[in-house]
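Chemist: Sharing query19.txt (compact mmCIF, C-alpha atoms) below.
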# COMPACT_ATOMS: atom_id res chain seq x y z
CA MET Y 462 -126.99 -34.37 -39.47
CA LYS Y 463 -129.09 -32.62 -42.09
CA LEU Y 464 -126.81 -33.87 -44.86
CA ILE Y 465 -126.88 -37.45 -43.61
CA LEU Y 466 -130.69 -37.41 -43.50
CA GLN Y 467 -130.91 -35.92 -47.00
CA PHE Y 468 -128.42 -38.48 -48.25
CA GLY Y 469 -130.59 -41.17 -46.70
CA LEU Y 470 -133.60 -39.82 -48.58
CA LEU Y 471 -131.68 -39.91 -51.84
CA ILE Y 472 -130.60 -43.50 -51.21
CA GLY Y 473 -134.22 -44.34 -50.33
CA PHE Y 474 -135.35 -43.05 -53.73
CA TRP Y 475 -132.56 -45.02 -55.38
CA LEU Y 476 -133.68 -48.24 -53.67
CA SER Y 477 -137.34 -47.57 -54.58
CA GLY Y 478 -136.14 -47.10 -58.16
CA GLU Y 479 -134.40 -50.46 -58.02
CA VAL Y 480 -137.62 -52.11 -56.82
CA LEU Y 481 -139.59 -50.47 -59.64
CA SER Y 482 -136.86 -51.45 -62.11
CA SER Y 483 -137.14 -55.14 -61.19
CA ILE Y 484 -140.94 -54.96 -61.51
CA LEU Y 485 -140.69 -53.40 -64.98
CA GLU Y 486 -137.83 -55.66 -66.05
CA SER Y 487 -139.96 -58.03 -68.11
CA ILE Y 488 -141.40 -55.11 -70.12
CA ILE Y 489 -138.52 -52.64 -70.37
CA ALA Y 490 -135.02 -52.44 -68.89
CA ILE Y 491 -134.54 -49.08 -67.16
CA PRO Y 492 -131.77 -48.63 -64.57
CA GLY Y 493 -132.98 -48.29 -60.97
CA SER Y 494 -131.13 -45.02 -60.39
CA ILE Y 495 -132.93 -43.41 -63.34
CA LEU Y 496 -136.31 -44.59 -62.04
CA GLY Y 497 -135.23 -43.20 -58.66
CA MET Y 498 -134.72 -39.87 -60.41
CA VAL Y 499 -138.24 -40.05 -61.87
CA LEU Y 500 -139.69 -40.93 -58.45
CA LEU Y 501 -137.86 -38.00 -56.85
CA PHE Y 502 -139.22 -35.69 -59.55
CA ILE Y 503 -142.75 -36.98 -58.94
CA ALA Y 504 -142.39 -36.59 -55.16
CA LEU Y 505 -141.23 -32.99 -55.56
CA THR Y 506 -143.86 -32.08 -58.17
CA SER Y 507 -146.71 -33.57 -56.13
CA GLY Y 508 -145.51 -31.82 -52.98
CA VAL Y 509 -144.93 -35.04 -51.01
CA LEU Y 510 -141.33 -33.88 -50.65
CA LYS Y 511 -140.25 -30.24 -50.30
CA GLU Y 512 -137.28 -28.95 -52.24
CA LYS Y 513 -135.51 -27.85 -49.05
CA GLN Y 514 -135.64 -31.41 -47.70
CA ILE Y 515 -133.25 -32.61 -50.43
CA LYS Y 516 -131.61 -29.37 -51.56
CA ASP Y 517 -128.26 -29.48 -49.74
CA ILE Y 518 -127.20 -32.97 -50.81
CA GLY Y 519 -128.72 -32.41 -54.26
CA ASP Y 520 -126.77 -29.22 -54.88
CA PHE Y 521 -123.57 -30.76 -53.55
CA LEU Y 522 -123.86 -33.56 -56.12
CA LEU Y 523 -125.28 -31.52 -59.01
CA THR Y 524 -122.66 -28.75 -58.85
CA ASN Y 525 -119.85 -31.30 -58.92
CA ILE Y 526 -121.21 -33.78 -61.48
CA ALA Y 527 -118.05 -33.96 -63.58
CA PHE Y 528 -115.83 -34.78 -60.59
CA PHE Y 529 -117.66 -38.01 -59.86
CA PHE Y 530 -116.98 -39.21 -63.41
CA VAL Y 531 -113.22 -39.02 -63.28
CA PRO Y 532 -112.74 -42.66 -62.13
CA ALA Y 533 -115.27 -43.90 -64.72
CA SER Y 534 -113.24 -42.25 -67.50
CA VAL Y 535 -109.84 -43.41 -66.19
CA ALA Y 536 -111.24 -46.96 -66.48
CA ILE Y 537 -110.40 -46.66 -70.20
CA LEU Y 538 -106.96 -47.95 -69.10
CA ALA Y 539 -108.58 -51.32 -68.47
CA LEU Y 540 -109.98 -51.50 -72.02
CA ASP Y 541 -107.59 -53.70 -74.00
CA SER Y 542 -109.64 -53.96 -77.17
CA ILE Y 543 -109.16 -50.31 -78.13
CA SER Y 544 -106.19 -49.37 -80.30
CA GLY Y 545 -104.87 -46.32 -82.10
CA GLU Y 546 -106.65 -47.21 -85.35
CA HIS Y 547 -110.03 -46.83 -83.62
CA VAL Y 548 -109.46 -43.30 -82.39
CA THR Y 549 -110.13 -41.45 -85.66
CA PRO Y 550 -113.37 -43.30 -86.53
CA LEU Y 551 -114.65 -42.86 -82.96
CA VAL Y 552 -113.99 -39.12 -83.06
CA ILE Y 553 -115.58 -38.80 -86.52
CA VAL Y 554 -118.74 -40.69 -85.50
CA ALA Y 555 -119.04 -38.70 -82.26
CA LEU Y 556 -118.64 -35.28 -83.87
CA VAL Y 557 -120.61 -35.84 -87.08
CA SER Y 558 -123.56 -37.40 -85.24
CA THR Y 559 -123.51 -34.53 -82.71
CA PHE Y 560 -123.75 -32.11 -85.64
CA VAL Y 561 -126.58 -34.08 -87.27
CA THR Y 562 -128.46 -34.34 -83.96
CA MET Y 563 -128.16 -30.61 -83.29
CA VAL Y 564 -129.28 -29.56 -86.78
CA VAL Y 565 -132.24 -32.00 -86.94
CA THR Y 566 -133.45 -31.07 -83.44
CA MET Y 567 -133.23 -27.34 -84.18
CA LEU Y 568 -135.04 -27.62 -87.50
CA VAL Y 569 -137.87 -29.81 -86.20
CA THR Y 570 -138.35 -27.66 -83.08
CA HIS Y 571 -138.21 -24.48 -85.14
CA ILE Y 572 -140.95 -25.64 -87.50
CA LEU Y 573 -143.11 -26.67 -84.51
CA THR Y 574 -142.73 -23.43 -82.57
CA LYS Y 575 -142.90 -21.07 -85.52
CA GLY Y 576 -146.48 -19.95 -84.87
CA LYS Y 577 -146.18 -19.91 -81.09
CA GLU Y 578 -143.13 -17.68 -80.99
CA ALA Y 579 -145.12 -14.51 -81.69
CA LYS Y 580 -147.60 -15.18 -78.90
CA LYS Y 581 -145.05 -15.65 -76.11
CA MET F 997 -92.56 -46.88 -49.52
CA ILE F 998 -94.20 -44.82 -52.26
CA ARG F 999 -95.28 -48.06 -53.93
CA GLU F 1000 -97.03 -49.21 -50.79
CA LEU F 1001 -98.93 -45.96 -50.41
CA THR F 1002 -100.62 -46.57 -53.77
CA PHE F 1003 -102.30 -49.63 -52.28
CA SER F 1004 -104.38 -47.43 -50.01
CA PRO F 1005 -107.76 -46.18 -51.30
CA ALA F 1006 -106.58 -42.76 -50.11
CA PHE F 1007 -104.17 -42.68 -53.06
CA GLY F 1008 -106.80 -42.91 -55.81
CA ILE F 1009 -109.13 -40.49 -54.06
CA LEU F 1010 -106.42 -37.88 -53.49
CA VAL F 1011 -105.06 -38.17 -57.03
CA THR F 1012 -108.60 -37.69 -58.40
CA ILE F 1013 -109.27 -34.63 -56.24
CA LEU F 1014 -105.94 -33.00 -57.11
CA ALA F 1015 -106.26 -33.70 -60.84
CA TYR F 1016 -109.83 -32.41 -60.93
CA GLN F 1017 -108.91 -29.26 -58.99
CA MET F 1018 -106.14 -28.64 -61.48
CA GLY F 1019 -108.61 -29.12 -64.34
CA ALA F 1020 -111.07 -26.70 -62.74
CA PHE F 1021 -108.24 -24.20 -62.21
CA ILE F 1022 -107.12 -24.39 -65.85
CA LYS F 1023 -110.75 -24.00 -66.98
CA LYS F 1024 -111.14 -20.88 -64.81
CA LYS F 1025 -107.89 -19.34 -66.02
CA THR F 1026 -108.31 -19.99 -69.75
CA GLU F 1027 -112.14 -19.83 -69.97
CA SER F 1028 -111.68 -21.97 -73.08
CA ASP F 1029 -114.41 -24.29 -74.38
CA PHE F 1030 -111.71 -26.92 -74.86
CA ALA F 1031 -110.49 -26.80 -71.25
CA ASN F 1032 -112.88 -29.37 -69.81
CA PRO F 1033 -112.00 -30.15 -66.16
CA LEU F 1034 -112.98 -33.81 -66.51
CA LEU F 1035 -110.89 -34.26 -69.65
CA ILE F 1036 -107.89 -32.50 -68.09
CA ALA F 1037 -108.18 -34.65 -64.95
CA LEU F 1038 -108.36 -37.79 -67.13
CA VAL F 1039 -105.21 -36.87 -69.06
CA LEU F 1040 -103.31 -35.89 -65.88
CA ILE F 1041 -104.19 -39.11 -64.05
CA ILE F 1042 -103.37 -41.40 -66.97
CA GLY F 1043 -100.08 -39.53 -67.48
CA PHE F 1044 -99.24 -39.74 -63.78
CA LEU F 1045 -99.98 -43.48 -63.56
CA LYS F 1046 -97.92 -44.17 -66.70
CA VAL F 1047 -94.91 -42.04 -65.67
CA PHE F 1048 -94.66 -43.61 -62.21
CA ASP F 1049 -95.64 -47.04 -63.50
CA ILE F 1050 -98.53 -47.41 -61.03
CA PRO F 1051 -101.04 -50.14 -61.98
CA TYR F 1052 -104.58 -49.02 -62.80
CA GLU F 1053 -105.87 -51.50 -60.18
CA ASN F 1054 -104.20 -49.48 -57.43
CA TYR F 1055 -105.84 -46.27 -58.61
CA LYS F 1056 -109.18 -48.08 -58.83
CA LEU F 1057 -109.17 -48.89 -55.09
CA GLY F 1058 -109.80 -45.22 -54.35
CA GLY F 1059 -111.56 -44.45 -57.61
CA ASP F 1060 -114.34 -46.91 -56.74
CA GLY F 1061 -115.11 -44.85 -53.65
CA ILE F 1062 -115.87 -41.82 -55.81
CA HIS F 1063 -117.54 -43.89 -58.50
CA PHE F 1064 -120.06 -45.15 -55.94
CA MET F 1065 -121.62 -41.69 -55.77
CA LEU F 1066 -122.84 -41.90 -59.39
CA SER F 1067 -126.13 -43.61 -58.56
CA PRO F 1068 -127.17 -41.08 -55.86
CA LEU F 1069 -126.07 -38.39 -58.31
CA THR F 1070 -128.38 -39.79 -60.99
CA VAL F 1071 -131.28 -39.74 -58.52
CA ALA F 1072 -130.44 -36.10 -57.67
CA LEU F 1073 -131.07 -35.21 -61.33
CA GLY F 1074 -134.75 -35.43 -60.32
CA LEU F 1075 -134.19 -32.17 -58.40
CA MET F 1076 -132.65 -30.57 -61.51
CA LEU F 1077 -135.67 -31.63 -63.56
CA TYR F 1078 -138.04 -30.32 -60.86
CA ARG F 1079 -136.40 -26.89 -61.00
CA GLN F 1080 -137.09 -26.73 -64.74
CA ARG F 1081 -140.76 -27.63 -64.38
CA GLU F 1082 -141.96 -24.20 -65.49
CA THR F 1083 -139.97 -24.31 -68.73
CA ILE F 1084 -141.03 -27.93 -69.30
CA ARG F 1085 -144.70 -27.09 -68.75
CA THR F 1086 -144.63 -24.06 -71.05
CA TYR F 1087 -142.83 -25.73 -73.93
CA PHE F 1088 -143.84 -29.34 -73.30
CA LEU F 1089 -144.88 -30.32 -76.82
CA SER F 1090 -142.01 -28.56 -78.59
CA LEU F 1091 -139.57 -30.16 -76.16
CA MET F 1092 -140.97 -33.67 -76.54
CA ILE F 1093 -141.19 -33.70 -80.33
CA GLY F 1094 -137.94 -31.79 -80.82
CA ILE F 1095 -136.01 -34.06 -78.46
CA THR F 1096 -137.51 -37.23 -79.91
CA SER F 1097 -136.43 -36.18 -83.40
CA GLY F 1098 -132.95 -35.50 -82.01
CA VAL F 1099 -132.76 -38.87 -80.27
CA LEU F 1100 -133.71 -40.60 -83.54
CA ALA F 1101 -131.18 -38.52 -85.51
CA SER F 1102 -128.50 -39.40 -82.98
CA PHE F 1103 -129.31 -43.12 -83.02
CA PHE F 1104 -129.42 -43.51 -86.79
CA SER F 1105 -126.41 -41.32 -87.52
CA ILE F 1106 -124.28 -43.28 -85.02
CA LEU F 1107 -125.53 -46.60 -86.39
CA LEU F 1108 -124.90 -45.64 -90.00
CA LEU F 1109 -121.51 -43.99 -89.48
CA SER F 1110 -120.23 -46.79 -87.24
CA LYS F 1111 -121.14 -49.43 -89.85
CA LEU F 1112 -119.62 -47.29 -92.58
CA LEU F 1113 -116.35 -46.89 -90.68
CA LYS F 1114 -116.45 -50.56 -89.59
CA LEU F 1115 -116.29 -49.88 -85.85
CA PRO F 1116 -116.60 -52.97 -83.62
CA GLU F 1117 -120.12 -53.56 -82.28
CA ALA F 1118 -119.03 -52.91 -78.66
CA PHE F 1119 -117.83 -49.44 -79.66
CA LEU F 1120 -121.04 -48.68 -81.57
CA ILE F 1121 -123.05 -49.56 -78.44
CA SER F 1122 -120.78 -47.40 -76.28
CA LEU F 1123 -121.37 -44.46 -78.63
CA LEU F 1124 -125.18 -44.66 -78.64
CA PRO F 1125 -125.78 -42.84 -75.30
CA LYS F 1126 -123.18 -40.13 -76.00
CA SER F 1127 -125.49 -37.11 -76.35
CA ILE F 1128 -127.10 -37.43 -72.91
CA THR F 1129 -125.85 -36.40 -69.49
CA THR F 1130 -123.04 -38.61 -68.17
CA PRO F 1131 -124.86 -40.36 -65.26
CA MET F 1132 -127.69 -41.47 -67.53
CA ALA F 1133 -125.34 -42.27 -70.41
CA LEU F 1134 -123.28 -44.57 -68.21
CA SER F 1135 -126.36 -46.47 -66.97
CA LEU F 1136 -127.65 -46.86 -70.52
CA SER F 1137 -124.25 -48.04 -71.76
CA GLU F 1138 -124.20 -50.74 -69.06
CA ILE F 1139 -127.73 -51.89 -69.90
CA LEU F 1140 -126.88 -52.12 -73.62
CA GLY F 1141 -123.65 -54.00 -72.85
CA GLY F 1142 -121.27 -51.22 -73.84
CA THR F 1143 -118.01 -50.08 -72.25
CA GLY F 1144 -118.73 -47.44 -69.60
CA SER F 1145 -115.36 -45.71 -69.76
CA LEU F 1146 -115.54 -45.29 -73.54
CA THR F 1147 -119.09 -43.92 -73.22
CA VAL F 1148 -117.97 -41.36 -70.63
CA ILE F 1149 -115.12 -40.19 -72.87
CA MET F 1150 -117.46 -39.96 -75.89
CA VAL F 1151 -119.94 -37.96 -73.77
CA ILE F 1152 -117.18 -35.45 -72.93
CA LEU F 1153 -116.07 -35.24 -76.56
CA THR F 1154 -119.68 -34.70 -77.63
CA GLY F 1155 -120.11 -31.92 -75.08
CA ILE F 1156 -116.95 -30.09 -76.11
CA GLY F 1157 -117.72 -30.62 -79.81
CA GLY F 1158 -121.31 -29.45 -79.36
CA ALA F 1159 -120.32 -26.29 -77.49
CA PHE F 1160 -117.75 -25.55 -80.19
CA MET F 1161 -120.06 -26.10 -83.16
CA ALA F 1162 -123.21 -24.44 -81.70
CA PRO F 1163 -122.43 -20.84 -82.77
CA TRP F 1164 -121.37 -22.17 -86.16
CA VAL F 1165 -124.61 -24.15 -86.59
CA LEU F 1166 -126.54 -20.97 -85.74
CA LYS F 1167 -124.83 -19.17 -88.58
CA LEU F 1168 -125.63 -22.05 -90.91
CA LEU F 1169 -129.33 -22.18 -89.94
CA ARG F 1170 -129.95 -18.47 -89.91
CA GLY F 1171 -133.20 -17.32 -88.28
CA VAL F 1172 -133.85 -20.37 -86.10
CA ASN F 1173 -135.85 -19.26 -83.04
CA PRO F 1174 -134.38 -19.30 -79.48
CA ILE F 1175 -136.59 -22.21 -78.38
CA ALA F 1176 -135.26 -24.42 -81.17
CA VAL F 1177 -131.69 -23.32 -80.51
CA GLY F 1178 -131.97 -24.26 -76.82
CA VAL F 1179 -133.63 -27.62 -77.43
CA GLY F 1180 -131.09 -28.43 -80.16
CA ILE F 1181 -128.02 -27.66 -78.09
CA GLY F 1182 -129.30 -29.43 -74.95
CA THR F 1183 -130.41 -32.53 -76.86
CA ALA F 1184 -127.18 -32.85 -78.85
CA SER F 1185 -124.62 -31.93 -76.23
CA HIS F 1186 -126.02 -32.06 -72.65
CA ALA F 1187 -124.62 -29.81 -69.89
CA VAL F 1188 -121.35 -28.87 -71.60
CA GLY F 1189 -123.24 -27.54 -74.62
CA THR F 1190 -125.77 -25.89 -72.32
CA ALA F 1191 -122.99 -23.67 -70.90
CA LYS F 1192 -122.66 -22.30 -74.44
CA ALA F 1193 -126.45 -21.95 -74.82
CA LEU F 1194 -126.49 -19.83 -71.64
CA GLU F 1195 -123.92 -17.53 -73.25
CA ILE F 1196 -126.08 -17.18 -76.36
CA GLY F 1197 -129.17 -16.13 -74.41
CA GLU F 1198 -131.41 -16.66 -71.38
CA LYS F 1199 -134.21 -18.45 -73.23
CA GLU F 1200 -131.75 -20.63 -75.14
CA GLY F 1201 -130.08 -21.55 -71.84
CA ALA F 1202 -133.32 -22.40 -70.04
CA LEU F 1203 -134.55 -24.65 -72.85
CA SER F 1204 -131.18 -26.29 -73.26
CA SER F 1205 -131.12 -27.05 -69.50
CA ALA F 1206 -134.63 -28.48 -69.63
CA ALA F 1207 -133.72 -30.60 -72.65
CA ILE F 1208 -130.84 -32.34 -70.81
CA GLY F 1209 -132.96 -34.39 -68.41
CA LEU F 1210 -135.79 -35.03 -70.88
CA ALA F 1211 -133.41 -36.09 -73.66
CA GLY F 1212 -131.81 -38.47 -71.16
CA LEU F 1213 -135.15 -40.04 -70.28
CA ILE F 1214 -136.36 -40.34 -73.87
CA THR F 1215 -133.02 -41.84 -74.92
CA VAL F 1216 -133.03 -44.37 -72.08
CA VAL F 1217 -136.53 -45.54 -73.09
CA LEU F 1218 -136.17 -45.42 -76.90
CA VAL F 1219 -132.60 -46.45 -77.69
CA PRO F 1220 -132.73 -50.02 -76.24
CA LEU F 1221 -135.88 -50.65 -78.32
CA LEU F 1222 -134.37 -49.09 -81.45
CA TYR F 1223 -131.20 -51.11 -80.98
CA GLN F 1224 -133.21 -54.31 -80.68
CA ILE F 1225 -134.99 -53.58 -83.95
CA PHE F 1226 -132.22 -52.01 -86.07
CA GLY F 1227 -128.97 -52.99 -84.33
Can you present the structure in this file as structure tokens?

Modeler:
Amino acid sequence: MKLILQFGLLIGFWLSGEVLSSILESIIAIPGSILGMVLLFIALTSGVLKEKQIKDIGDFLLTNIAFFFVPASVAILALDSISGEHVTPLVIVALVSTFVTMVVTMLVTHILTKGKEAKK
Amino acid sequence: MIRELTFSPAFGILVTILAYQMGAFIKKKTESDFANPLLIALVLIIGFLKVFDIPYENYKLGGDGIHFMLSPLTVALGLMLYRQRETIRTYFLSLMIGITSGVLASFFSILLLSKLLKLPEAFLISLLPKSITTPMALSLSEILGGTGSLTVIMVILTGIGGAFMAPWVLKLLRGVNPIAVGVGIGTASHAVGTAKALEIGEKEGALSSAAIGLAGLITVVLVPLLYQIFG
């Protein structure tokens, strides 16, 4: 019962996100589920919703995130346009850009927090 | 008989559960950064379908049932973000500027490298969300017109790669403070990298965790605009 109710809440936030998404559509395209996430965050931060009212379903989903992505990754079987020659460039772009992203983020953040580090 | 069973949604669901359990088991036994449960499940399922010559469409009947949970899961990330509110409040400015610089570095490096290596446009688009957490990456990929499955696989690869290179990057950038290390790992390689950040230290782990959700949000807002201008 508790889980069903919490699941209902989650779906309610999703639907509210969809409504907000269609309102914002002409300005910026943001998926409804992501706006639902923002609305849930706001509800929790403002105290409108208590953590325990969403905790059980939230933890069930959050601790098993990777499981829910298995079908989405198997869908690669339906992608005809990919061939062996693409694999190496894809891997190179993914890994090199991950390296660049990590280094740039660390350097910029380091320079910004240099002075603050001593105080905390 | 066996053939007919694969037409039931139960088939795809059960195969997914078994393959994922096996992946989680291998991860637990080996404790290797390369043993990613999702990646192992993917390889097992594709191998199984190929060996027994079962069409992907049959698997999809059950797979769609699991796939449906992705949107509620994305909403639940709001709870994750809420739990990091203290870290976010304390390091708000460092997080925002650090992550934004990372999102820009990610966007331009993918754009440049993809053009250099002559990757098709659809693949370039599918790569753009790869540094953020899978639920948000998949939504962004769909909005940009990319291929969701390719995005998910690139997200996994990025996570594994990020976790692997993090200690090595730390050696390269000697003396970088823990805040920067956490923000860097979380922004570049989401939850999979964050597991490594937690091993490095408590502060690194907390900032890396906080960076996951924020990097996702900043990417979802910025990347479609950047792609419109530079893509």

Chemist: Residues near stretch 480-495 of chain Y, anyone? I mean within 8 Å using only C-alpha atoms, not counting same-chain ones fewer than 5 positions away, as a ChimeraX atom specification.

Modeler: /Y:475 /F:1067-1068,1070-1071,1132,1135-1136,1139,1216-1217

Chemist: One number please: atom CA of F:Val1179 to atom CA of F:Thr1143, in Å, one decimal.

Modeler: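 If I compute the distance from atom CA of F:Val1179 to atom CA of F:Thr1143, I get 27.8 Å.
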
Chemist: Hey, which bits of chain Y sit within 7 Å of chain F, and for each residue what's the closest pair of atoms and how far apart in Å (one decimal), counting only C-alpha atoms, rows by chain and increasing number, as a Markdown table?

Modeler:
| residue | atom | partner | partner_atom | distance |
| --- | --- | --- | --- | --- |
| Y:Leu471 | CA | F:Pro1068 | CA | 6.2 |
| Y:Ile472 | CA | F:Pro1068 | CA | 6.3 |
| Y:Trp475 | CA | F:Val1071 | CA | 6.3 |
| Y:Ile491 | CA | F:Val1216 | CA | 7.0 |
| Y:Pro492 | CA | F:Ser1135 | CA | 6.3 |
| Y:Ser494 | CA | F:Ser1067 | CA | 5.5 |
| Y:Ile495 | CA | F:Thr1070 | CA | 6.3 |
| Y:Gly497 | CA | F:Val1071 | CA | 5.3 |
| Y:Met498 | CA | F:Val1071 | CA | 3.9 |
| Y:Val499 | CA | F:Gly1074 | CA | 6.0 |
| Y:Leu501 | CA | F:Gly1074 | CA | 5.3 |
| Y:Phe502 | CA | F:Gly1074 | CA | 4.5 |
| Y:Leu505 | CA | F:Tyr1078 | CA | 6.7 |
| Y:Thr506 | CA | F:Tyr1078 | CA | 6.6 |
| Y:Gly519 | CA | F:Ala1072 | CA | 5.3 |
| Y:Leu522 | CA | F:Leu1069 | CA | 5.7 |
| Y:Leu523 | CA | F:Leu1069 | CA | 7.0 |
| Y:Ala527 | CA | F:Leu1034 | CA | 5.9 |
| Y:Phe528 | CA | F:Tyr1016 | CA | 6.5 |
| Y:Phe529 | CA | F:Ile1062 | CA | 5.8 |
| Y:Phe530 | CA | F:His1063 | CA | 6.8 |
| Y:Val531 | CA | F:Leu1034 | CA | 6.1 |
| Y:Pro532 | CA | F:Gly1059 | CA | 5.0 |
| Y:Ala533 | CA | F:Ser1145 | CA | 5.4 |
| Y:Ser534 | CA | F:Ser1145 | CA | 4.6 |
| Y:Val535 | CA | F:Leu1038 | CA | 5.9 |
| Y:Ala536 | CA | F:Ser1145 | CA | 5.4 |
| Y:Ile537 | CA | F:Ser1145 | CA | 5.1 |
| Y:Leu538 | CA | F:Tyr1052 | CA | 6.8 |
| Y:Pro550 | CA | F:Leu1113 | CA | 6.2 |
| Y:Val554 | CA | F:Leu1109 | CA | 5.9 |
| Y:Ala555 | CA | F:Thr1154 | CA | 6.2 |
| Y:Leu556 | CA | F:Gly1157 | CA | 6.2 |
| Y:Ser558 | CA | F:Ser1105 | CA | 5.4 |
| Y:Thr559 | CA | F:Ala1184 | CA | 5.6 |
| Y:Val561 | CA | F:Ala1101 | CA | 6.6 |
| Y:Thr562 | CA | F:Gly1098 | CA | 5.0 |
| Y:Met563 | CA | F:Gly1180 | CA | 4.8 |
| Y:Val564 | CA | F:Gly1180 | CA | 7.0 |
| Y:Val565 | CA | F:Gly1098 | CA | 6.1 |
| Y:Thr566 | CA | F:Gly1098 | CA | 4.7 |
| Y:Met567 | CA | F:Ala1176 | CA | 4.7 |
| Y:Val569 | CA | F:Gly1094 | CA | 5.7 |
| Y:Thr570 | CA | F:Gly1094 | CA | 4.7 |
| Y:His571 | CA | F:Ala1176 | CA | 4.9 |
| Y:Leu573 | CA | F:Ser1090 | CA | 6.3 |
| Y:Thr574 | CA | F:Ser1090 | CA | 6.5 |

Chemist: Would you output that residue set with C-alpha atoms, as an mmCIF file, in the frame of the given file?

Modeler:
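See again-v6.cif below for the written result:
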data_model
loop_
_atom_site.group_PDB
_atom_site.id
_atom_site.type_symbol
_atom_site.label_atom_id
_atom_site.label_comp_id
_atom_site.auth_asym_id
_atom_site.auth_seq_id
_atom_site.Cartn_x
_atom_site.Cartn_y
_atom_site.Cartn_z
ATOM 1 C CA LEU Y 471 -131.680 -39.910 -51.840
ATOM 2 C CA ILE Y 472 -130.600 -43.500 -51.210
ATOM 3 C CA TRP Y 475 -132.560 -45.020 -55.380
ATOM 4 C CA ILE Y 491 -134.540 -49.080 -67.160
ATOM 5 C CA PRO Y 492 -131.770 -48.630 -64.570
ATOM 6 C CA SER Y 494 -131.130 -45.020 -60.390
ATOM 7 C CA ILE Y 495 -132.930 -43.410 -63.340
ATOM 8 C CA GLY Y 497 -135.230 -43.200 -58.660
ATOM 9 C CA MET Y 498 -134.720 -39.870 -60.410
ATOM 10 C CA VAL Y 499 -138.240 -40.050 -61.870
ATOM 11 C CA LEU Y 501 -137.860 -38.000 -56.850
ATOM 12 C CA PHE Y 502 -139.220 -35.690 -59.550
ATOM 13 C CA LEU Y 505 -141.230 -32.990 -55.560
ATOM 14 C CA THR Y 506 -143.860 -32.080 -58.170
ATOM 15 C CA GLY Y 519 -128.720 -32.410 -54.260
ATOM 16 C CA LEU Y 522 -123.860 -33.560 -56.120
ATOM 17 C CA LEU Y 523 -125.280 -31.520 -59.010
ATOM 18 C CA ALA Y 527 -118.050 -33.960 -63.580
ATOM 19 C CA PHE Y 528 -115.830 -34.780 -60.590
ATOM 20 C CA PHE Y 529 -117.660 -38.010 -59.860
ATOM 21 C CA PHE Y 530 -116.980 -39.210 -63.410
ATOM 22 C CA VAL Y 531 -113.220 -39.020 -63.280
ATOM 23 C CA PRO Y 532 -112.740 -42.660 -62.130
ATOM 24 C CA ALA Y 533 -115.270 -43.900 -64.720
ATOM 25 C CA SER Y 534 -113.240 -42.250 -67.500
ATOM 26 C CA VAL Y 535 -109.840 -43.410 -66.190
ATOM 27 C CA ALA Y 536 -111.240 -46.960 -66.480
ATOM 28 C CA ILE Y 537 -110.400 -46.660 -70.200
ATOM 29 C CA LEU Y 538 -106.960 -47.950 -69.100
ATOM 30 C CA PRO Y 550 -113.370 -43.300 -86.530
ATOM 31 C CA VAL Y 554 -118.740 -40.690 -85.500
ATOM 32 C CA ALA Y 555 -119.040 -38.700 -82.260
ATOM 33 C CA LEU Y 556 -118.640 -35.280 -83.870
ATOM 34 C CA SER Y 558 -123.560 -37.400 -85.240
ATOM 35 C CA THR Y 559 -123.510 -34.530 -82.710
ATOM 36 C CA VAL Y 561 -126.580 -34.080 -87.270
ATOM 37 C CA THR Y 562 -128.460 -34.340 -83.960
ATOM 38 C CA MET Y 563 -128.160 -30.610 -83.290
ATOM 39 C CA VAL Y 564 -129.280 -29.560 -86.780
ATOM 40 C CA VAL Y 565 -132.240 -32.000 -86.940
ATOM 41 C CA THR Y 566 -133.450 -31.070 -83.440
ATOM 42 C CA MET Y 567 -133.230 -27.340 -84.180
ATOM 43 C CA VAL Y 569 -137.870 -29.810 -86.200
ATOM 44 C CA THR Y 570 -138.350 -27.660 -83.080
ATOM 45 C CA HIS Y 571 -138.210 -24.480 -85.140
ATOM 46 C CA LEU Y 573 -143.110 -26.670 -84.510
ATOM 47 C CA THR Y 574 -142.730 -23.430 -82.570
#

Chemist: Separation of atom CA of Y:Ile553 and atom CA of F:Val1188, in Å?

Modeler: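 Computed distance, atom CA of Y:Ile553 to atom CA of F:Val1188, equals 18.8 Å.
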
Chemist: My list of candidates is Y:Gln467, Y:Leu496, Y:Phe474, Y:Val557. Which is closest to Y:Glu512 when distances are computed with all atoms listed in the file?

Modeler: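 Answer, going by the shortest atom-to-atom distance: Y:Gln467.
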
Chemist: Quick one: pull the distance between atom CA of F:Ile998 and atom CA of F:Leu1010, Å, one decimal.

Modeler: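 Here the two named atoms are 14.1 Å from each other.
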